[in-house]
$ cat run-v3.pdb   # PDB, C-alpha atoms and all ligand atoms
ATOM      1  CA  MET A   1      13.925 -19.835   6.230
ATOM      2  CA  ASP A   2      13.166 -22.630   3.780
ATOM      3  CA  SER A   3      13.639 -21.140   0.306
ATOM      4  CA  LYS A   4      11.379 -23.798  -1.220
ATOM      5  CA  ARG A   5       8.430 -22.345   0.632
ATOM      6  CA  LEU A   6       6.577 -19.528  -1.103
ATOM      7  CA  ARG A   7       6.937 -16.311   0.880
ATOM      8  CA  ILE A   8       4.060 -13.847   0.948
ATOM      9  CA  ALA A   9       4.362 -10.505   2.743
ATOM     10  CA  MET A  10       1.260  -8.831   4.119
ATOM     11  CA  GLN A  11       0.409  -6.113   6.602
ATOM     12  CA  LYS A  12       0.622  -7.302  10.191
ATOM     13  CA  SER A  13      -2.017  -5.054  11.647
ATOM     14  CA  GLY A  14      -3.926  -2.274   9.991
ATOM     15  CA  ARG A  15      -6.529  -1.557   7.399
ATOM     16  CA  LEU A  16      -5.436  -4.277   4.952
ATOM     17  CA  SER A  17      -4.775  -7.122   7.425
ATOM     18  CA  GLN A  18      -8.274  -8.468   7.935
ATOM     19  CA  ASP A  19      -9.287  -8.471   4.268
ATOM     20  CA  SER A  20      -5.951  -9.957   3.206
ATOM     21  CA  GLN A  21      -6.241 -12.784   5.738
ATOM     22  CA  GLU A  22      -9.777 -13.495   4.659
ATOM     23  CA  LEU A  23      -8.799 -13.553   0.999
ATOM     24  CA  LEU A  24      -6.016 -16.076   1.653
ATOM     25  CA  LYS A  25      -8.307 -18.195   3.806
ATOM     26  CA  SER A  26     -10.939 -18.175   1.085
ATOM     27  CA  CYS A  27      -8.272 -19.521  -1.290
ATOM     28  CA  GLY A  28      -7.924 -22.522   1.017
ATOM     29  CA  PHE A  29      -4.972 -21.430   3.180
ATOM     30  CA  LYS A  30      -5.020 -22.876   6.686
ATOM     31  CA  ILE A  31      -3.159 -20.187   8.583
ATOM     32  CA  ASN A  32      -2.379 -20.150  12.255
ATOM     33  CA  LEU A  33      -1.842 -16.458  12.919
ATOM     34  CA  ARG A  34      -0.489 -15.699  16.335
ATOM     35  CA  GLU A  35      -0.446 -12.020  17.150
ATOM     36  CA  ASP A  36       3.217 -11.903  18.149
ATOM     37  CA  ARG A  37       4.641 -13.883  15.221
ATOM     38  CA  LEU A  38       6.480 -12.322  12.301
ATOM     39  CA  ILE A  39       6.163 -15.511  10.264
ATOM     40  CA  ALA A  40       3.083 -17.696  10.030
ATOM     41  CA  HIS A  41       3.211 -21.062   8.314
ATOM     42  CA  VAL A  42       0.383 -22.132   6.089
ATOM     43  CA  GLU A  43      -0.353 -25.604   7.429
ATOM     44  CA  ASN A  44      -1.667 -27.216   4.277
ATOM     45  CA  MET A  45       0.680 -25.665   1.666
ATOM     46  CA  PRO A  46       4.396 -24.878   1.405
ATOM     47  CA  ILE A  47       3.808 -21.181   2.091
ATOM     48  CA  ASP A  48       5.087 -18.775   4.748
ATOM     49  CA  ILE A  49       3.290 -15.533   5.503
ATOM     50  CA  LEU A  50       5.523 -12.641   6.572
ATOM     51  CA  ARG A  51       3.626 -10.081   8.621
ATOM     52  CA  VAL A  52       5.236  -6.658   8.455
ATOM     53  CA  ARG A  53       4.436  -2.936   8.256
ATOM     54  CA  ASP A  54       2.793  -2.112   4.963
ATOM     55  CA  ASP A  55       5.552   0.386   4.139
ATOM     56  CA  ASP A  56       8.117  -2.441   4.068
ATOM     57  CA  ILE A  57       6.234  -4.652   1.615
ATOM     58  CA  PRO A  58       7.131  -3.041  -1.758
ATOM     59  CA  GLY A  59      10.834  -2.989  -0.862
ATOM     60  CA  LEU A  60      10.789  -6.646   0.189
ATOM     61  CA  VAL A  61       9.279  -7.557  -3.193
ATOM     62  CA  MET A  62      11.563  -5.247  -5.217
ATOM     63  CA  ASP A  63      14.610  -6.618  -3.371
ATOM     64  CA  LYS A  64      13.250 -10.135  -4.153
ATOM     65  CA  VAL A  65      13.386 -11.070  -0.482
ATOM     66  CA  VAL A  66       9.793 -12.304  -0.633
ATOM     67  CA  ASP A  67       7.986 -13.832  -3.610
ATOM     68  CA  LEU A  68       4.604 -12.135  -3.285
ATOM     69  CA  GLY A  69       3.197  -9.162  -1.433
ATOM     70  CA  ILE A  70      -0.194  -7.614  -0.766
ATOM     71  CA  VAL A  71      -0.034  -3.842  -0.447
ATOM     72  CA  GLY A  72      -1.892  -0.634  -1.255
ATOM     73  CA  GLU A  73      -0.987   0.921  -4.615
ATOM     74  CA  ASN A  74      -0.378   4.217  -2.813
ATOM     75  CA  VAL A  75       2.461   2.679  -0.793
ATOM     76  CA  LEU A  76       3.699   0.729  -3.810
ATOM     77  CA  GLU A  77       3.883   3.812  -6.033
ATOM     78  CA  GLU A  78       5.396   6.054  -3.345
ATOM     79  CA  THR A  79       8.077   3.462  -2.570
ATOM     80  CA  MET A  80       8.815   3.077  -6.273
ATOM     81  CA  LEU A  81       9.390   6.809  -6.705
ATOM     82  CA  GLU A  82      11.514   6.959  -3.570
ATOM     83  CA  ARG A  83      13.657   4.003  -4.611
ATOM     84  CA  GLN A  84      14.031   5.443  -8.108
ATOM     85  CA  SER A  85      15.470   8.599  -6.559
ATOM     86  CA  GLN A  86      17.900   6.431  -4.578
ATOM     87  CA  GLY A  87      18.920   4.287  -7.536
ATOM     88  CA  LEU A  88      17.504   1.107  -5.967
ATOM     89  CA  PRO A  89      15.729  -1.636  -7.944
ATOM     90  CA  THR A  90      12.044  -0.875  -8.532
ATOM     91  CA  SER A  91      10.773  -3.679 -10.736
ATOM     92  CA  TYR A  92       7.920  -6.004  -9.746
ATOM     93  CA  LYS A  93       5.048  -7.811 -11.480
ATOM     94  CA  LYS A  94       1.450  -6.908 -10.789
ATOM     95  CA  LEU A  95      -0.502 -10.153 -10.416
ATOM     96  CA  LYS A  96      -3.931  -8.873  -9.478
ATOM     97  CA  ASP A  97      -5.842  -5.766  -8.499
ATOM     98  CA  LEU A  98      -7.778  -6.651  -5.356
ATOM     99  CA  ASP A  99     -11.239  -5.484  -4.366
ATOM    100  CA  TYR A 100     -10.506  -3.906  -0.992
ATOM    101  CA  GLY A 101      -8.362  -1.166   0.567
ATOM    102  CA  GLY A 102      -9.955   1.468  -1.630
ATOM    103  CA  CYS A 103      -8.988   5.028  -0.752
ATOM    104  CA  ARG A 104      -7.782   8.230  -2.350
ATOM    105  CA  LEU A 105      -4.818  10.459  -1.676
ATOM    106  CA  SER A 106      -6.145  13.997  -1.548
ATOM    107  CA  LEU A 107      -5.164  17.558  -0.862
ATOM    108  CA  ALA A 108      -7.109  19.223   1.929
ATOM    109  CA  ILE A 109      -7.111  22.742   3.361
ATOM    110  CA  PRO A 110      -8.799  24.430   6.341
ATOM    111  CA  ARG A 111     -12.571  24.498   5.857
ATOM    112  CA  GLU A 112     -12.884  28.281   6.104
ATOM    113  CA  GLU A 113     -10.409  28.936   3.308
ATOM    114  CA  GLU A 114     -11.465  29.498  -0.257
ATOM    115  CA  TRP A 115     -10.067  27.035  -2.811
ATOM    116  CA  THR A 116      -8.980  28.580  -6.084
ATOM    117  CA  GLY A 117      -6.990  25.639  -7.449
ATOM    118  CA  VAL A 118      -3.614  23.939  -7.030
ATOM    119  CA  ALA A 119      -1.684  26.982  -8.297
ATOM    120  CA  ALA A 120      -2.494  28.638  -4.947
ATOM    121  CA  LEU A 121      -0.291  26.025  -3.242
ATOM    122  CA  GLN A 122       2.838  27.421  -4.912
ATOM    123  CA  GLY A 123       5.606  27.668  -2.297
ATOM    124  CA  LYS A 124       3.306  26.512   0.517
ATOM    125  CA  LYS A 125       4.092  23.975   3.219
ATOM    126  CA  ILE A 126       2.136  20.746   2.722
ATOM    127  CA  ALA A 127       2.167  17.991   5.339
ATOM    128  CA  THR A 128       2.154  14.450   3.960
ATOM    129  CA  THR A 129       3.371  10.878   4.249
ATOM    130  CA  TYR A 130       3.548  10.714   0.444
ATOM    131  CA  PRO A 131       6.014  13.412  -0.677
ATOM    132  CA  HIS A 132       6.932  11.698  -3.952
ATOM    133  CA  LEU A 133       3.373  11.146  -5.184
ATOM    134  CA  LEU A 134       2.530  14.716  -4.220
ATOM    135  CA  LYS A 135       5.612  16.090  -5.922
ATOM    136  CA  ARG A 136       4.842  14.177  -9.107
ATOM    137  CA  PHE A 137       1.278  15.497  -9.180
ATOM    138  CA  LEU A 138       2.122  19.130  -8.421
ATOM    139  CA  ALA A 139       5.120  19.152 -10.761
ATOM    140  CA  GLU A 140       2.756  18.214 -13.611
ATOM    141  CA  GLN A 141       0.816  21.383 -12.754
ATOM    142  CA  GLY A 142       4.007  23.433 -12.558
ATOM    143  CA  VAL A 143       3.660  23.911  -8.803
ATOM    144  CA  THR A 144       6.520  23.596  -6.303
ATOM    145  CA  PHE A 145       5.926  23.242  -2.561
ATOM    146  CA  LYS A 146       7.687  22.622   0.747
ATOM    147  CA  PRO A 147       7.017  19.077   1.950
ATOM    148  CA  VAL A 148       6.509  18.609   5.699
ATOM    149  CA  LEU A 149       7.024  14.898   6.322
ATOM    150  CA  LEU A 150       4.777  13.249   8.872
ATOM    151  CA  THR A 151       4.080   9.523   9.128
ATOM    152  CA  GLY A 152       1.081  10.034  11.398
ATOM    153  CA  SER A 153      -1.357  12.718  12.572
ATOM    154  CA  VAL A 154      -1.019  14.499   9.238
ATOM    155  CA  GLU A 155      -4.502  15.966   9.632
ATOM    156  CA  VAL A 156      -3.557  18.061  12.668
ATOM    157  CA  ALA A 157      -0.661  19.818  10.891
ATOM    158  CA  PRO A 158      -2.595  22.925   9.707
ATOM    159  CA  ARG A 159      -4.128  23.577  13.129
ATOM    160  CA  ALA A 160      -0.730  23.038  14.759
ATOM    161  CA  GLY A 161       0.754  25.635  12.427
ATOM    162  CA  LEU A 162       3.081  23.116  10.765
ATOM    163  CA  ALA A 163       1.651  23.437   7.264
ATOM    164  CA  GLU A 164      -0.892  25.326   5.178
ATOM    165  CA  ALA A 165      -2.369  22.218   3.582
ATOM    166  CA  ILE A 166      -2.159  18.451   3.827
ATOM    167  CA  CYS A 167      -2.063  15.562   1.382
ATOM    168  CA  ASP A 168      -3.434  12.445   3.046
ATOM    169  CA  LEU A 169      -5.439   9.260   2.495
ATOM    170  CA  VAL A 170      -9.183   9.679   2.637
ATOM    171  CA  SER A 171     -11.981   7.144   2.488
ATOM    172  CA  SER A 172     -15.117   8.615   4.067
ATOM    173  CA  GLY A 173     -13.752  12.085   4.763
ATOM    174  CA  ALA A 174     -14.819  11.909   8.432
ATOM    175  CA  THR A 175     -11.281  12.417   9.739
ATOM    176  CA  LEU A 176     -10.803  15.542   7.636
ATOM    177  CA  GLU A 177     -14.175  16.854   8.774
ATOM    178  CA  ALA A 178     -13.314  16.221  12.422
ATOM    179  CA  ASN A 179     -10.143  18.256  11.989
ATOM    180  CA  GLY A 180     -11.748  21.256  10.331
ATOM    181  CA  LEU A 181     -10.407  20.407   6.873
ATOM    182  CA  LYS A 182     -12.018  20.032   3.464
ATOM    183  CA  GLU A 183     -10.902  17.811   0.593
ATOM    184  CA  VAL A 184     -10.137  19.951  -2.449
ATOM    185  CA  GLN A 185      -8.277  17.772  -4.940
ATOM    186  CA  VAL A 186      -7.814  14.028  -5.416
ATOM    187  CA  ILE A 187      -4.266  13.278  -6.532
ATOM    188  CA  TYR A 188      -4.225   9.457  -6.572
ATOM    189  CA  ARG A 189      -6.785   6.638  -6.329
ATOM    190  CA  SER A 190      -5.645   3.431  -4.686
ATOM    191  CA  LYS A 191      -6.658  -0.151  -4.004
ATOM    192  CA  ALA A 192      -4.906  -3.156  -2.546
ATOM    193  CA  SER A 193      -2.857  -5.124  -5.010
ATOM    194  CA  LEU A 194      -1.109  -8.509  -5.222
ATOM    195  CA  ILE A 195       2.424  -8.208  -6.576
ATOM    196  CA  GLN A 196       5.230 -10.636  -7.361
ATOM    197  CA  ALA A 197       9.000 -10.263  -7.366
ATOM    198  CA  ASP A 198      10.376  -9.677 -10.854
ATOM    199  CA  THR A 199      12.430 -12.848 -10.974
ATOM    200  CA  GLU A 200      12.037 -16.472 -11.986
ATOM    201  CA  LEU A 201      10.603 -18.483  -9.122
ATOM    202  CA  TYR A 202      11.670 -22.025  -8.313
ATOM    203  CA  PRO A 203       9.511 -24.253 -10.560
ATOM    204  CA  GLU A 204       7.687 -25.714  -7.537
ATOM    205  CA  LYS A 205       6.875 -22.240  -6.294
ATOM    206  CA  GLN A 206       5.727 -21.073  -9.707
ATOM    207  CA  LYS A 207       3.482 -24.144 -10.003
ATOM    208  CA  LEU A 208       1.937 -23.259  -6.674
ATOM    209  CA  VAL A 209       1.329 -19.652  -7.782
ATOM    210  CA  ASP A 210      -0.189 -20.921 -11.041
ATOM    211  CA  ARG A 211      -2.495 -23.167  -9.037
ATOM    212  CA  LEU A 212      -3.506 -20.410  -6.622
ATOM    213  CA  MET A 213      -4.225 -17.636  -9.114
ATOM    214  CA  PRO A 214      -7.368 -19.167 -10.665
ATOM    215  CA  ARG A 215      -8.744 -19.758  -7.151
ATOM    216  CA  LEU A 216      -8.055 -16.158  -6.237
ATOM    217  CA  GLU A 217      -9.589 -14.899  -9.460
ATOM    218  CA  GLY A 218     -12.636 -17.109  -8.859
ATOM    219  CA  MET A 219     -13.019 -15.679  -5.358
ATOM    220  CA  LEU A 220     -12.749 -12.100  -6.586
ATOM    221  CA  GLN A 221     -15.228 -12.732  -9.377
ATOM    222  CA  ALA A 222     -17.736 -14.323  -7.021
ATOM    223  CA  ARG A 223     -17.574 -11.211  -4.803
ATOM    224  CA  GLU A 224     -18.180  -8.726  -7.616
TER     225      GLU A 224
HETATM  226  P1  LIG B 301       1.552   0.068   9.287
HETATM  227  O1  LIG B 301       1.622  -0.025  10.764
HETATM  228  O2  LIG B 301       1.488  -1.276   8.637
HETATM  229  O3  LIG B 301       2.600   0.968   8.676
HETATM  230  P2  LIG B 301      -0.319   2.183   8.497
HETATM  231  O4  LIG B 301      -0.828   2.913   9.686
HETATM  232  O5  LIG B 301       0.715   2.791   7.637
HETATM  233  O6  LIG B 301       0.111   0.712   8.986
HETATM  234  P3  LIG B 301      -3.080   1.688   7.629
HETATM  235  O7  LIG B 301      -3.737   2.894   8.182
HETATM  236  O8  LIG B 301      -3.382   0.378   8.263
HETATM  237  O9  LIG B 301      -1.493   1.862   7.495
HETATM  238  O10 LIG B 301      -3.435   1.634   6.079
HETATM  239  C1  LIG B 301      -2.913   0.651   5.248
HETATM  240  C2  LIG B 301      -3.389   0.896   3.848
HETATM  241  O11 LIG B 301      -4.806   0.775   3.796
HETATM  242  C3  LIG B 301      -3.131   2.275   3.265
HETATM  243  O12 LIG B 301      -1.808   2.435   2.792
HETATM  244  C4  LIG B 301      -4.152   2.299   2.133
HETATM  245  O13 LIG B 301      -3.660   1.602   1.007
HETATM  246  C5  LIG B 301      -5.320   1.523   2.712
HETATM  247  N1  LIG B 301      -6.444   2.387   3.155
HETATM  248  C6  LIG B 301      -7.734   2.214   2.822
HETATM  249  N2  LIG B 301      -8.520   3.169   3.358
HETATM  250  C7  LIG B 301      -7.746   3.979   4.049
HETATM  251  C8  LIG B 301      -7.986   5.160   4.837
HETATM  252  N3  LIG B 301      -9.192   5.680   5.005
HETATM  253  N4  LIG B 301      -6.946   5.728   5.434
HETATM  254  C9  LIG B 301      -5.732   5.185   5.320
HETATM  255  N5  LIG B 301      -5.448   4.080   4.575
HETATM  256  C10 LIG B 301      -6.423   3.480   3.941
HETATM  257 ZN    ZN B 302       2.416   2.148   7.031
END
$ encode --input "run-v3.pdb" --output "structure tokens" --more "lines below"
Ligand code: ATP
Ligand code: ZN
Amino acid sequence: MDSKRLRIAMQKSGRLSQDSQELLKSCGFKINLREDRLIAHVENMPIDILRVRDDDIPGLVMDKVVDLGIVGENVLEETMLERQSQGLPTSYKKLKDLDYGGCRLSLAIPREEEWTGVAALQGKKIATTYPHLLKRFLAEQGVTFKPVLLTGSVEVAPRAGLAEAICDLVSSGATLEANGLKEVQVIYRSKASLIQADTELYPEKQKLVDRLMPRLEGMLQARE
């Protein structure tokens, strides 16, 4: 890969892909995105778009393998806590909070159960994709729990007898509802975010970023 080209990592397919593509296009990027391609070249600027799973994006930025990344703060924060526990580098620069990808990470329990507060979760099994964020939140309340790690179908865990509660991303709450669960406690609010590797970029790359940021800010302001 040409190291003079600015590398931006974004989610290949999922909830952030469409909005991220549109944001870049509105900043003047001419992108030819073919479904099967990992890398897409921006035709009118020295920029390559890396299309990966969202979970990989914070690590790519923290390892300085890409220059910029667009990712949900939930994934960013969870990855940071995980890497901290592994002694891996965790630094990055936040360039901009974006105006999409809004969601919350919440605790939910079976609808029919009474909620008396987080203390009732002491020692319970909680299914989640975000064990570190959950641990940080519950530790602040003096609560310990048994994490049940699931990267998908978290909401079926209580019914399947795998856990007593879940901690999962919610936007409308329809998925919880459909699975007989109720949201009882928000533990983290998230939005998409543009981040940069914590390192000095090649001057040409930095100039490009400096040129793009006002455009991006203008776009975001116009949408407010
Ligand atoms: P990938 O295949 O890239 O790993 P994924 O299944 O982990 O995808 P998505 O469901 O596409 O991820 O969600 C990507 C991000 O979108 C989330 O991490 C979160 O920041 C944001 N998001 C916004 N609303 C929601 C929601 N209702 N549920 C889940 N994620 C949401
Ligand atoms: Zn993911």
$ residues_around --input "run-v3.pdb" --residues "Arg211 of chain A" --least-positions-apart "5" --cutoff "12 Å" --atoms "only C-alpha atoms" --output "ChimeraX atom specification"
/A:27-28,45,204-206,216-218
$ write_last_selection --input "run-v3.pdb" --atoms "C-alpha atoms" --output "PDB file, keeping the file's coordinate frame"
ATOM      1  CA  CYS A  27      -8.272 -19.521  -1.290  1.00  0.00           C
ATOM      2  CA  GLY A  28      -7.924 -22.522   1.017  1.00  0.00           C
ATOM      3  CA  MET A  45       0.680 -25.665   1.666  1.00  0.00           C
ATOM      4  CA  GLU A 204       7.687 -25.714  -7.537  1.00  0.00           C
ATOM      5  CA  LYS A 205       6.875 -22.240  -6.294  1.00  0.00           C
ATOM      6  CA  GLN A 206       5.727 -21.073  -9.707  1.00  0.00           C
ATOM      7  CA  LEU A 216      -8.055 -16.158  -6.237  1.00  0.00           C
ATOM      8  CA  GLU A 217      -9.589 -14.899  -9.460  1.00  0.00           C
ATOM      9  CA  GLY A 218     -12.636 -17.109  -8.859  1.00  0.00           C
TER      10      GLY A 218
END
$ resolve_selection --input "run-v3.pdb" --expression "the PyMOL selection byres (((chain A and resi 71) around 9) and not hetatm)" --output "list in words"
Ala9, Met10, Gln11, Leu16, Asp54, Asp55, Ile57, Pro58, Gly69, Ile70, Gly72, Glu73, Asn74, Val75, Leu76, Gly101, Lys191, Ala192, Ser193, Leu194 and Ile195 of chain A
$ closest_residue --input "run-v3.pdb" --among "A:Met219, A:Leu150, A:Val65, A:Ala160" --to "ligand ZN 302 (chain B)" --atoms "only C-alpha atoms and all ligand atoms"
A:Leu150
$ atom_distance --input "run-v3.pdb" --atom1 "atom CA of Pro131 of chain A" --atom2 "atom CA of Thr175 of chain A"
20.2 Å
$ closest_residue --input "run-v3.pdb" --among "A:His41, A:Arg5, A:Lys30, A:Arg159" --to "Asp67 of chain A" --atoms "only C-alpha atoms"
A:Arg5
$ axis_aligned_box --input "run-v3.pdb" --around "segment 75-94 of chain A" --padding-each-side "5 Å" --output "lines of an AutoDock Vina configuration file"
center_x = 10.2
center_y = 0.4
center_z = -6.1
size_x = 27.5
size_y = 26.4
size_z = 20.7
$ closest_residue --input "run-v3.pdb" --among "A:Glu78, A:Glu140, A:Val42, A:Met62" --to "ligand ZN 302 (chain B)" --atoms "all atoms listed in the file"
A:Glu78
$ closest_atom_pairs --input "run-v3.pdb" --of "segment 116-220 of chain A" --to "segment 86-92 of chain A" --cutoff "7 Å" --atoms "all atoms listed in the file" --output "JSON lines"
{"residue": "A:Ile195", "atom": "CA", "partner": "A:Tyr92", "partner_atom": "CA", "distance": 6.7}
{"residue": "A:Gln196", "atom": "CA", "partner": "A:Tyr92", "partner_atom": "CA", "distance": 5.9}
{"residue": "A:Ala197", "atom": "CA", "partner": "A:Tyr92", "partner_atom": "CA", "distance": 5.0}
{"residue": "A:Asp198", "atom": "CA", "partner": "A:Tyr92", "partner_atom": "CA", "distance": 4.6}
